[in-house]
Amino acid sequence: MPWTDDNGNMRVNRGYRVQFNNAIGPYKGGLRLHPSVDLSIIKFLGFEQIFKNSLTGLPIGGGKGGSDFDPKGKSDREIREFCQSFMTELYRHIGADTDVPAGDIGVGAREIGYMFGQYKRLKNVYEGVLTGKGLTYGGSLARTEATGYGLIYIVQNMLEKAGDGIKGKTIAVSGAGNVAIYAAQKATELGGKVVTMSDSDGWIYDPKGVDLDVVKDIKEVKRGRISEYADRVGRAEYHNSETSKVWSVKCDVALPCATQNELDVNDAKTLIKNKVKAVGEGANMPSATEAINAFQAAKVLFMPAKAANAGGVAVSALEMSQNSQRLAWSFDEVDSKLKGIMKGIFDKTSEAAKQFSSPDDYVSGANIAGFLKVAQAMIAQGV
Ligand code: NDP
């Protein structure tokens, strides 16, 4: 996709859309803008998305897309021009009943807005072709919060089954983007204390509990760096990500919410040594396989991404329903549906774990429960 930067130079980036499986509904999955994006990353994300979407119980297939365009440090005009150029290529492959992309790393309401506007110009139709839209033009209330809130709802379900809960827990969160911020917000509301957040440069430790108004101002308004938190909140410490990670902090619950492979086996060992009770994956596949094995061997409750962060795509599917009906539901209505969907995912996951593996093996449970529905639909449709 060609675009011009603010100095008038022509730049070209590569874009991807992988339409992986549409057995149970139109392809659905986010668009990621990050310099690391390549076909391999988009394919693993798309593959995971199939089973995550199946777990929600809603009629959505699996896909994923993105580009190696780096939004960091770009002006609003550059972002707009890039998004328009991306959609100029993408529009012929997507549609409300074909493939409905959403946001992911580097793609929030601003980028979705630019892409939606370009789609409408090119196709001359007003349809719910993207989710995560702004509230003035077809977005759903609670979509912004959905992934983070959903993560906390399912971690709460998992802790409750073990006779425990979020209340009173010390929580380590990584990331400071959409998922991390709203996971921290709901966890705090339920009586947990979130003591860390991070970005790709470093992380903060706030022993009194992270002040989310400050984080939102830095990340959502000023689009700045998390290091500014320590400048603004005197009691907090800032650490560089090259020397350590949030997982070195003692916590009861760990919530990786930044990106893939951000929690390795050594991090898992540190968390286990510090007596972590539960881990919930807000990001997509943030834990290395050896780390997951270590958690399970140590009997740490572990909820994998495809179940834990499915709240985002679930509310995206609710946004599609609202667009089709040309209606808008209230925040409470969407939030209570989200809560019900996360409970449904938890029940399906634990039921499959009990039937096919062992009762607390939510990794197998989520894989098997997600897979069965897709496989049955494919067989019924003549493969
Ligand atoms: P955002 O772009 O809003 O935030 C991402 C955060 O993670 C930022 O703090 C970013 O720091 C950090 N980060 C990104 N890449 C890296 C990296 N390579 N190393 C270290 N830190 C990194 O994205 P989201 O919050 O939307 O997404 C976070 C994760 O959640 C991703 O794995 C995504 O796929 C997953 N997810 C998101 C959903 C959603 O609804 N948004 C739904 C389901 C899953 P920096 O600013 O420095 O890059």
# chains A, B, ... in the order shown; residues from 1 in each chain; ligands from 1
>>> residues_near_ligand(ligand="ligand 1", cutoff="7 Å", atoms="only C-alpha atoms and all ligand atoms", output="PDB file with N, CA, C and O atoms, in the first residue's frame")
ATOM      1  N   GLY A 103     -10.252  -4.148  15.122  1.00  0.00           N
ATOM      2  CA  GLY A 103      -8.966  -3.606  15.566  1.00  0.00           C
ATOM      3  C   GLY A 103      -8.078  -4.685  16.171  1.00  0.00           C
ATOM      4  O   GLY A 103      -8.507  -5.798  16.411  1.00  0.00           O
ATOM      5  N   ASP A 104      -6.835  -4.355  16.370  1.00  0.00           N
ATOM      6  CA  ASP A 104      -5.875  -5.203  17.095  1.00  0.00           C
ATOM      7  C   ASP A 104      -4.731  -4.249  17.466  1.00  0.00           C
ATOM      8  O   ASP A 104      -4.936  -3.028  17.506  1.00  0.00           O
ATOM      9  N   ILE A 105      -3.529  -4.765  17.677  1.00  0.00           N
ATOM     10  CA  ILE A 105      -2.400  -3.904  18.035  1.00  0.00           C
ATOM     11  C   ILE A 105      -2.261  -2.792  16.984  1.00  0.00           C
ATOM     12  O   ILE A 105      -2.231  -3.062  15.787  1.00  0.00           O
ATOM     13  N   GLY A 106      -2.220  -1.556  17.445  1.00  0.00           N
ATOM     14  CA  GLY A 106      -2.009  -0.421  16.540  1.00  0.00           C
ATOM     15  C   GLY A 106      -3.258   0.023  15.790  1.00  0.00           C
ATOM     16  O   GLY A 106      -3.197   0.976  15.009  1.00  0.00           O
ATOM     17  N   VAL A 107      -4.376  -0.660  15.986  1.00  0.00           N
ATOM     18  CA  VAL A 107      -5.620  -0.274  15.308  1.00  0.00           C
ATOM     19  C   VAL A 107      -6.715  -0.073  16.343  1.00  0.00           C
ATOM     20  O   VAL A 107      -7.216  -1.034  16.935  1.00  0.00           O
ATOM     21  N   GLY A 108      -7.066   1.184  16.569  1.00  0.00           N
ATOM     22  CA  GLY A 108      -8.138   1.538  17.501  1.00  0.00           C
ATOM     23  C   GLY A 108      -9.240   2.256  16.737  1.00  0.00           C
ATOM     24  O   GLY A 108      -9.315   2.177  15.498  1.00  0.00           O
ATOM     25  N   ALA A 146     -14.515  -4.401  26.019  1.00  0.00           N
ATOM     26  CA  ALA A 146     -14.945  -5.809  26.022  1.00  0.00           C
ATOM     27  C   ALA A 146     -13.831  -6.833  26.270  1.00  0.00           C
ATOM     28  O   ALA A 146     -14.022  -7.768  27.048  1.00  0.00           O
ATOM     29  N   THR A 147     -12.681  -6.674  25.625  1.00  0.00           N
ATOM     30  CA  THR A 147     -11.656  -7.720  25.771  1.00  0.00           C
ATOM     31  C   THR A 147     -11.122  -7.745  27.204  1.00  0.00           C
ATOM     32  O   THR A 147     -11.021  -8.810  27.828  1.00  0.00           O
ATOM     33  N   GLY A 175       1.523  -4.635  29.223  1.00  0.00           N
ATOM     34  CA  GLY A 175       0.860  -3.849  28.184  1.00  0.00           C
ATOM     35  C   GLY A 175       0.209  -2.629  28.806  1.00  0.00           C
ATOM     36  O   GLY A 175       0.049  -2.536  30.044  1.00  0.00           O
ATOM     37  N   ALA A 176      -0.119  -1.673  27.964  1.00  0.00           N
ATOM     38  CA  ALA A 176      -0.842  -0.476  28.414  1.00  0.00           C
ATOM     39  C   ALA A 176      -1.724  -0.004  27.267  1.00  0.00           C
ATOM     40  O   ALA A 176      -1.936   1.184  27.056  1.00  0.00           O
ATOM     41  N   GLY A 177      -2.214  -0.992  26.504  1.00  0.00           N
ATOM     42  CA  GLY A 177      -3.085  -0.675  25.381  1.00  0.00           C
ATOM     43  C   GLY A 177      -4.531  -0.983  25.720  1.00  0.00           C
ATOM     44  O   GLY A 177      -4.909  -1.037  26.897  1.00  0.00           O
ATOM     45  N   ASN A 178      -5.315  -1.230  24.686  1.00  0.00           N
ATOM     46  CA  ASN A 178      -6.753  -1.431  24.877  1.00  0.00           C
ATOM     47  C   ASN A 178      -7.054  -2.569  25.855  1.00  0.00           C
ATOM     48  O   ASN A 178      -7.835  -2.392  26.802  1.00  0.00           O
ATOM     49  N   VAL A 179      -6.451  -3.724  25.661  1.00  0.00           N
ATOM     50  CA  VAL A 179      -6.779  -4.878  26.504  1.00  0.00           C
ATOM     51  C   VAL A 179      -6.313  -4.633  27.940  1.00  0.00           C
ATOM     52  O   VAL A 179      -7.068  -4.825  28.904  1.00  0.00           O
ATOM     53  N   ALA A 180      -5.064  -4.192  28.085  1.00  0.00           N
ATOM     54  CA  ALA A 180      -4.480  -4.004  29.415  1.00  0.00           C
ATOM     55  C   ALA A 180      -5.262  -2.978  30.237  1.00  0.00           C
ATOM     56  O   ALA A 180      -5.569  -3.210  31.419  1.00  0.00           O
ATOM     57  N   SER A 198       2.904  -1.943  31.306  1.00  0.00           N
ATOM     58  CA  SER A 198       4.153  -1.818  30.527  1.00  0.00           C
ATOM     59  C   SER A 198       3.878  -1.353  29.102  1.00  0.00           C
ATOM     60  O   SER A 198       2.730  -1.347  28.647  1.00  0.00           O
ATOM     61  N   ASP A 199       4.939  -0.954  28.396  1.00  0.00           N
ATOM     62  CA  ASP A 199       4.881  -0.873  26.937  1.00  0.00           C
ATOM     63  C   ASP A 199       6.172  -1.475  26.407  1.00  0.00           C
ATOM     64  O   ASP A 199       6.912  -2.115  27.186  1.00  0.00           O
ATOM     65  N   SER A 200       6.488  -1.308  25.120  1.00  0.00           N
ATOM     66  CA  SER A 200       7.650  -2.039  24.611  1.00  0.00           C
ATOM     67  C   SER A 200       8.974  -1.469  25.115  1.00  0.00           C
ATOM     68  O   SER A 200       9.993  -2.141  25.028  1.00  0.00           O
ATOM     69  N   ASP A 201       8.961  -0.281  25.712  1.00  0.00           N
ATOM     70  CA  ASP A 201      10.214   0.286  26.243  1.00  0.00           C
ATOM     71  C   ASP A 201      10.476  -0.114  27.700  1.00  0.00           C
ATOM     72  O   ASP A 201      11.621  -0.257  28.104  1.00  0.00           O
ATOM     73  N   CYS A 257      -1.003  -8.967  28.687  1.00  0.00           N
ATOM     74  CA  CYS A 257      -1.957  -8.284  27.794  1.00  0.00           C
ATOM     75  C   CYS A 257      -1.250  -7.460  26.722  1.00  0.00           C
ATOM     76  O   CYS A 257      -1.827  -6.497  26.208  1.00  0.00           O
ATOM     77  N   ALA A 258       0.026  -7.780  26.389  1.00  0.00           N
ATOM     78  CA  ALA A 258       0.749  -6.978  25.387  1.00  0.00           C
ATOM     79  C   ALA A 258       0.814  -7.688  24.044  1.00  0.00           C
ATOM     80  O   ALA A 258       0.186  -7.259  23.076  1.00  0.00           O
ATOM     81  N   THR A 259       1.557  -8.805  23.970  1.00  0.00           N
ATOM     82  CA  THR A 259       1.771  -9.414  22.650  1.00  0.00           C
ATOM     83  C   THR A 259       2.192 -10.876  22.783  1.00  0.00           C
ATOM     84  O   THR A 259       2.360 -11.383  23.913  1.00  0.00           O
ATOM     85  N   GLN A 260       2.406 -11.557  21.644  1.00  0.00           N
ATOM     86  CA  GLN A 260       2.757 -12.983  21.684  1.00  0.00           C
ATOM     87  C   GLN A 260       4.147 -13.200  22.264  1.00  0.00           C
ATOM     88  O   GLN A 260       5.035 -12.359  22.121  1.00  0.00           O
ATOM     89  N   GLY A 282      -4.601 -12.196  28.246  1.00  0.00           N
ATOM     90  CA  GLY A 282      -5.338 -11.130  27.564  1.00  0.00           C
ATOM     91  C   GLY A 282      -4.850 -10.960  26.138  1.00  0.00           C
ATOM     92  O   GLY A 282      -5.625 -10.734  25.211  1.00  0.00           O
ATOM     93  N   ALA A 283      -3.542 -11.079  25.941  1.00  0.00           N
ATOM     94  CA  ALA A 283      -2.966 -11.001  24.591  1.00  0.00           C
ATOM     95  C   ALA A 283      -3.152 -12.344  23.896  1.00  0.00           C
ATOM     96  O   ALA A 283      -3.571 -13.323  24.515  1.00  0.00           O
ATOM     97  N   ASN A 284      -2.834 -12.405  22.603  1.00  0.00           N
ATOM     98  CA  ASN A 284      -2.924 -13.656  21.864  1.00  0.00           C
ATOM     99  C   ASN A 284      -1.634 -14.448  22.009  1.00  0.00           C
ATOM    100  O   ASN A 284      -0.567 -13.983  21.611  1.00  0.00           O
ATOM    101  N   PRO A 286       0.458 -15.114  24.516  1.00  0.00           N
ATOM    102  CA  PRO A 286       1.600 -14.431  25.134  1.00  0.00           C
ATOM    103  C   PRO A 286       2.559 -15.381  25.846  1.00  0.00           C
ATOM    104  O   PRO A 286       3.727 -15.056  26.024  1.00  0.00           O
ATOM    105  N   ASN A 309      -9.514 -14.106  26.031  1.00  0.00           N
ATOM    106  CA  ASN A 309      -9.685 -12.779  25.417  1.00  0.00           C
ATOM    107  C   ASN A 309     -10.779 -12.759  24.351  1.00  0.00           C
ATOM    108  O   ASN A 309     -10.845 -11.832  23.536  1.00  0.00           O
ATOM    109  N   ALA A 310     -11.662 -13.757  24.398  1.00  0.00           N
ATOM    110  CA  ALA A 310     -12.724 -13.845  23.381  1.00  0.00           C
ATOM    111  C   ALA A 310     -13.814 -12.785  23.555  1.00  0.00           C
ATOM    112  O   ALA A 310     -14.663 -12.624  22.676  1.00  0.00           O
ATOM    113  N   GLY A 312     -13.638  -9.649  23.295  1.00  0.00           N
ATOM    114  CA  GLY A 312     -13.543  -8.588  22.287  1.00  0.00           C
ATOM    115  C   GLY A 312     -14.285  -8.973  21.021  1.00  0.00           C
ATOM    116  O   GLY A 312     -15.134  -8.236  20.525  1.00  0.00           O
ATOM    117  N   VAL A 313     -13.978 -10.162  20.526  1.00  0.00           N
ATOM    118  CA  VAL A 313     -14.629 -10.567  19.276  1.00  0.00           C
ATOM    119  C   VAL A 313     -16.111 -10.868  19.522  1.00  0.00           C
ATOM    120  O   VAL A 313     -16.957 -10.669  18.644  1.00  0.00           O
TER     121      VAL A 313
END
>>> residues_around(residues="Ala366 in chain A", least_positions_apart="4", cutoff="12 Å", atoms="only C-alpha atoms", output="ChimeraX atom specification")
/A:48,50-56,302-310,344-357,359-362,370-373
>>> write_last_selection(atoms="N, CA and C atoms", output="mmCIF file, in the first residue's frame")
data_model
loop_
_atom_site.group_PDB
_atom_site.id
_atom_site.type_symbol
_atom_site.label_atom_id
_atom_site.label_comp_id
_atom_site.auth_asym_id
_atom_site.auth_seq_id
_atom_site.Cartn_x
_atom_site.Cartn_y
_atom_site.Cartn_z
ATOM 1 N N GLU A 48 -5.807 -19.362 15.384
ATOM 2 C CA GLU A 48 -6.349 -19.263 16.747
ATOM 3 C C GLU A 48 -7.753 -18.663 16.751
ATOM 4 N N ILE A 50 -10.152 -18.880 14.669
ATOM 5 C CA ILE A 50 -11.232 -19.809 14.287
ATOM 6 C C ILE A 50 -11.862 -20.406 15.545
ATOM 7 N N PHE A 51 -11.000 -20.896 16.437
ATOM 8 C CA PHE A 51 -11.488 -21.653 17.600
ATOM 9 C C PHE A 51 -11.995 -20.714 18.689
ATOM 10 N N LYS A 52 -11.366 -19.546 18.790
ATOM 11 C CA LYS A 52 -11.853 -18.523 19.731
ATOM 12 C C LYS A 52 -13.270 -18.104 19.344
ATOM 13 N N ASN A 53 -13.465 -17.822 18.060
ATOM 14 C CA ASN A 53 -14.775 -17.357 17.606
ATOM 15 C C ASN A 53 -15.818 -18.438 17.803
ATOM 16 N N SER A 54 -15.428 -19.687 17.581
ATOM 17 C CA SER A 54 -16.339 -20.808 17.798
ATOM 18 C C SER A 54 -16.758 -20.873 19.268
ATOM 19 N N LEU A 55 -15.799 -20.675 20.173
ATOM 20 C CA LEU A 55 -16.098 -20.741 21.610
ATOM 21 C C LEU A 55 -17.134 -19.720 22.053
ATOM 22 N N THR A 56 -17.182 -18.571 21.369
ATOM 23 C CA THR A 56 -18.142 -17.532 21.803
ATOM 24 C C THR A 56 -19.585 -17.986 21.615
ATOM 25 N N PHE A 302 -4.733 -21.729 34.784
ATOM 26 C CA PHE A 302 -4.259 -21.073 33.566
ATOM 27 C C PHE A 302 -5.381 -21.024 32.532
ATOM 28 N N MET A 303 -5.784 -19.818 32.135
ATOM 29 C CA MET A 303 -6.834 -19.680 31.120
ATOM 30 C C MET A 303 -6.194 -19.166 29.828
ATOM 31 N N PRO A 304 -6.220 -19.990 28.754
ATOM 32 C CA PRO A 304 -5.531 -19.613 27.508
ATOM 33 C C PRO A 304 -6.280 -18.533 26.730
ATOM 34 N N ALA A 305 -5.517 -17.854 25.872
ATOM 35 C CA ALA A 305 -6.031 -16.690 25.142
ATOM 36 C C ALA A 305 -7.340 -16.947 24.422
ATOM 37 N N LYS A 306 -7.450 -18.104 23.750
ATOM 38 C CA LYS A 306 -8.624 -18.255 22.871
ATOM 39 C C LYS A 306 -9.919 -18.251 23.684
ATOM 40 N N ALA A 307 -9.843 -18.597 24.973
ATOM 41 C CA ALA A 307 -11.020 -18.451 25.833
ATOM 42 C C ALA A 307 -10.979 -17.100 26.552
ATOM 43 N N ALA A 308 -9.802 -16.739 27.065
ATOM 44 C CA ALA A 308 -9.701 -15.597 27.972
ATOM 45 C C ALA A 308 -9.944 -14.251 27.304
ATOM 46 N N ASN A 309 -9.514 -14.106 26.031
ATOM 47 C CA ASN A 309 -9.685 -12.779 25.417
ATOM 48 C C ASN A 309 -10.779 -12.759 24.351
ATOM 49 N N ALA A 310 -11.662 -13.757 24.398
ATOM 50 C CA ALA A 310 -12.724 -13.845 23.381
ATOM 51 C C ALA A 310 -13.814 -12.785 23.555
ATOM 52 N N GLY A 344 -20.453 -18.698 29.494
ATOM 53 C CA GLY A 344 -20.685 -19.808 28.557
ATOM 54 C C GLY A 344 -19.368 -20.404 28.089
ATOM 55 N N ILE A 345 -18.401 -19.536 27.782
ATOM 56 C CA ILE A 345 -17.086 -20.022 27.330
ATOM 57 C C ILE A 345 -16.419 -20.819 28.450
ATOM 58 N N PHE A 346 -16.522 -20.279 29.674
ATOM 59 C CA PHE A 346 -15.901 -20.975 30.808
ATOM 60 C C PHE A 346 -16.537 -22.360 30.986
ATOM 61 N N ASP A 347 -17.867 -22.419 30.921
ATOM 62 C CA ASP A 347 -18.560 -23.702 31.131
ATOM 63 C C ASP A 347 -18.190 -24.712 30.048
ATOM 64 N N LYS A 348 -18.193 -24.240 28.762
ATOM 65 C CA LYS A 348 -17.849 -25.156 27.659
ATOM 66 C C LYS A 348 -16.422 -25.658 27.807
ATOM 67 N N THR A 349 -15.528 -24.724 28.186
ATOM 68 C CA THR A 349 -14.108 -25.071 28.314
ATOM 69 C C THR A 349 -13.910 -26.067 29.448
ATOM 70 N N SER A 350 -14.548 -25.814 30.606
ATOM 71 C CA SER A 350 -14.313 -26.748 31.706
ATOM 72 C C SER A 350 -15.004 -28.093 31.467
ATOM 73 N N GLU A 351 -16.148 -28.047 30.779
ATOM 74 C CA GLU A 351 -16.844 -29.304 30.465
ATOM 75 C C GLU A 351 -15.968 -30.178 29.547
ATOM 76 N N ALA A 352 -15.397 -29.557 28.491
ATOM 77 C CA ALA A 352 -14.545 -30.325 27.568
ATOM 78 C C ALA A 352 -13.278 -30.795 28.283
ATOM 79 N N ALA A 353 -12.766 -29.972 29.187
ATOM 80 C CA ALA A 353 -11.562 -30.368 29.940
ATOM 81 C C ALA A 353 -11.875 -31.618 30.763
ATOM 82 N N LYS A 354 -13.043 -31.597 31.424
ATOM 83 C CA LYS A 354 -13.436 -32.740 32.263
ATOM 84 C C LYS A 354 -13.618 -33.998 31.405
ATOM 85 N N GLN A 355 -14.289 -33.815 30.251
ATOM 86 C CA GLN A 355 -14.621 -34.971 29.413
ATOM 87 C C GLN A 355 -13.393 -35.580 28.720
ATOM 88 N N PHE A 356 -12.493 -34.697 28.229
ATOM 89 C CA PHE A 356 -11.422 -35.215 27.370
ATOM 90 C C PHE A 356 -10.033 -35.177 28.000
ATOM 91 N N SER A 357 -9.863 -34.425 29.109
ATOM 92 C CA SER A 357 -8.517 -34.290 29.673
ATOM 93 C C SER A 357 -8.635 -34.375 31.189
ATOM 94 N N PRO A 359 -9.944 -31.975 34.793
ATOM 95 C CA PRO A 359 -10.885 -30.883 35.039
ATOM 96 C C PRO A 359 -10.300 -29.467 34.975
ATOM 97 N N ASP A 360 -9.053 -29.277 35.404
ATOM 98 C CA ASP A 360 -8.510 -27.916 35.396
ATOM 99 C C ASP A 360 -7.639 -27.636 34.168
ATOM 100 N N ASP A 361 -7.637 -28.527 33.179
ATOM 101 C CA ASP A 361 -6.804 -28.316 31.989
ATOM 102 C C ASP A 361 -7.599 -27.478 30.978
ATOM 103 N N TYR A 362 -7.619 -26.171 31.220
ATOM 104 C CA TYR A 362 -8.417 -25.289 30.362
ATOM 105 C C TYR A 362 -7.788 -25.121 28.969
ATOM 106 N N GLY A 370 -13.644 -25.583 21.125
ATOM 107 C CA GLY A 370 -13.650 -24.704 19.949
ATOM 108 C C GLY A 370 -13.609 -25.505 18.655
ATOM 109 N N PHE A 371 -12.780 -26.540 18.636
ATOM 110 C CA PHE A 371 -12.578 -27.340 17.427
ATOM 111 C C PHE A 371 -13.837 -28.115 17.032
ATOM 112 N N LEU A 372 -14.492 -28.738 18.029
ATOM 113 C CA LEU A 372 -15.610 -29.646 17.722
ATOM 114 C C LEU A 372 -16.700 -28.978 16.891
ATOM 115 N N LYS A 373 -17.065 -27.751 17.290
ATOM 116 C CA LYS A 373 -18.172 -27.081 16.586
ATOM 117 C C LYS A 373 -17.796 -26.799 15.130
#
>>> closest_atom_pairs(of="range 135-231 of chain A", to="range 326-336 of chain A", cutoff="8 Å", atoms="only C-alpha atoms", output="CSV")
residue,atom,partner,partner_atom,distance
A:Gly138,CA,A:Ala328,CA,7.7
A:Ser140,CA,A:Ala328,CA,6.9
A:Leu141,CA,A:Phe331,CA,5.1
A:Ala142,CA,A:Phe331,CA,5.7
A:Ala146,CA,A:Asp335,CA,7.8
>>> write_last_selection(atoms="N, CA, C and O atoms", output="PDB file, in the first residue's frame")
ATOM      1  N   GLY A 138     -22.304   3.612  14.210  1.00  0.00           N
ATOM      2  CA  GLY A 138     -22.563   2.164  14.192  1.00  0.00           C
ATOM      3  C   GLY A 138     -21.738   1.332  15.147  1.00  0.00           C
ATOM      4  O   GLY A 138     -21.854   0.109  15.164  1.00  0.00           O
ATOM      5  N   SER A 140     -20.516  -0.230  18.835  1.00  0.00           N
ATOM      6  CA  SER A 140     -21.291  -0.738  19.976  1.00  0.00           C
ATOM      7  C   SER A 140     -20.717  -0.187  21.267  1.00  0.00           C
ATOM      8  O   SER A 140     -19.498  -0.175  21.459  1.00  0.00           O
ATOM      9  N   LEU A 141     -21.605   0.222  22.158  1.00  0.00           N
ATOM     10  CA  LEU A 141     -21.161   0.533  23.512  1.00  0.00           C
ATOM     11  C   LEU A 141     -20.504  -0.720  24.084  1.00  0.00           C
ATOM     12  O   LEU A 141     -20.899  -1.842  23.740  1.00  0.00           O
ATOM     13  N   ALA A 142     -19.505  -0.519  24.931  1.00  0.00           N
ATOM     14  CA  ALA A 142     -18.775  -1.609  25.609  1.00  0.00           C
ATOM     15  C   ALA A 142     -17.823  -2.396  24.703  1.00  0.00           C
ATOM     16  O   ALA A 142     -17.180  -3.321  25.167  1.00  0.00           O
ATOM     17  N   ALA A 146     -14.515  -4.401  26.019  1.00  0.00           N
ATOM     18  CA  ALA A 146     -14.945  -5.809  26.022  1.00  0.00           C
ATOM     19  C   ALA A 146     -13.831  -6.833  26.270  1.00  0.00           C
ATOM     20  O   ALA A 146     -14.022  -7.768  27.048  1.00  0.00           O
TER      21      ALA A 146
END
>>> atom_distance(atom1="CA of Ile379 in chain A", atom2="CA of Gly25 in chain A")
14.8 Å
>>> residues_around(residues="Leu58 in chain A", least_positions_apart="6", cutoff="9 Å", atoms="only C-alpha atoms", output="JSON, numbers by chain")
{"A": [24, 25, 314, 317, 318]}
>>> residues_around(residues="range 115-130 of chain A", least_positions_apart="2", cutoff="12 Å", atoms="only C-alpha atoms", output="number ranges by chain")
A: 26-31, 79-103, 107-113, 132-134, 137-140, 313, 316-327
>>> write_last_selection(atoms="C-alpha atoms", output="compact mmCIF listing (two decimals), in the first residue's frame")
# COMPACT_ATOMS: atom_id res chain seq x y z
CA PRO A 26 -18.28 -14.73 7.90
CA TYR A 27 -14.50 -14.49 8.44
CA LYS A 28 -13.85 -12.33 11.48
CA GLY A 29 -10.67 -11.13 13.18
CA GLY A 30 -8.61 -8.01 13.75
CA LEU A 31 -6.17 -5.96 11.71
CA ILE A 79 -2.16 7.44 9.63
CA ARG A 80 -5.23 8.55 7.67
CA GLU A 81 -3.53 8.26 4.33
CA PHE A 82 -2.11 4.85 5.16
CA CYS A 83 -5.51 3.54 6.37
CA GLN A 84 -7.19 4.80 3.20
CA SER A 85 -4.56 3.13 1.05
CA PHE A 86 -4.90 -0.14 2.97
CA MET A 87 -8.68 -0.12 2.46
CA THR A 88 -8.28 0.72 -1.23
CA GLU A 89 -6.77 -2.78 -1.58
CA LEU A 90 -8.77 -4.59 1.10
CA TYR A 91 -12.30 -3.48 0.17
CA ARG A 92 -12.67 -6.00 -2.67
CA HIS A 93 -12.10 -8.93 -0.29
CA ILE A 94 -14.39 -7.98 2.62
CA GLY A 95 -18.07 -7.20 3.31
CA ALA A 96 -20.69 -7.45 6.07
CA ASP A 97 -21.58 -11.03 5.01
CA THR A 98 -18.11 -12.05 3.79
CA ASP A 99 -15.35 -10.88 6.12
CA VAL A 100 -15.61 -8.33 8.92
CA PRO A 101 -12.24 -7.06 10.23
CA ALA A 102 -11.78 -5.29 13.59
CA GLY A 103 -8.97 -3.61 15.57
CA VAL A 107 -5.62 -0.27 15.31
CA GLY A 108 -8.14 1.54 17.50
CA ALA A 109 -11.25 3.63 16.84
CA ARG A 110 -9.30 6.27 14.88
CA GLU A 111 -7.90 3.80 12.35
CA ILE A 112 -11.21 1.89 12.06
CA GLY A 113 -12.93 5.23 11.33
CA GLY A 132 -14.82 -1.30 16.72
CA LYS A 133 -16.44 1.68 15.01
CA GLY A 134 -17.07 4.99 16.76
CA TYR A 137 -21.59 5.68 13.16
CA GLY A 138 -22.56 2.16 14.19
CA GLY A 139 -20.11 1.23 16.95
CA SER A 140 -21.29 -0.74 19.98
CA VAL A 313 -14.63 -10.57 19.28
CA SER A 316 -17.73 -7.34 17.82
CA ALA A 317 -20.27 -9.99 16.83
CA LEU A 318 -22.87 -8.14 18.91
CA GLU A 319 -21.91 -4.97 17.01
CA MET A 320 -22.60 -6.87 13.77
CA SER A 321 -26.05 -7.89 15.11
CA GLN A 322 -26.86 -4.31 16.06
CA ASN A 323 -25.75 -3.06 12.62
CA SER A 324 -27.92 -5.66 10.86
CA GLN A 325 -30.91 -4.68 12.98
CA ARG A 326 -30.03 -0.96 12.67
CA LEU A 327 -30.36 -0.67 16.43
>>> select_by_dssp(residues="range 127-334 of chain A", states="strand (DSSP E or B)", output="ChimeraX atom specification")
/A:170-174,193-198,202-205,237-240,253-256,263,278-280,287,301-303
>>> atom_distance(atom1="CA of Ser241 in chain A", atom2="CA of Leu151 in chain A")
24.3 Å
>>> residues_around(residues="Tyr16 in chain A", least_positions_apart="5", cutoff="7 Å", atoms="only C-alpha atoms", output="ChimeraX atom specification")
/A:39,65-67
>>> residues_around(residues="Val210 in chain A", least_positions_apart="6", cutoff="8 Å", atoms="only C-alpha atoms", output="list of chain:residue names")
A:Lys193, A:Val194, A:Val195, A:Thr196, A:Met197
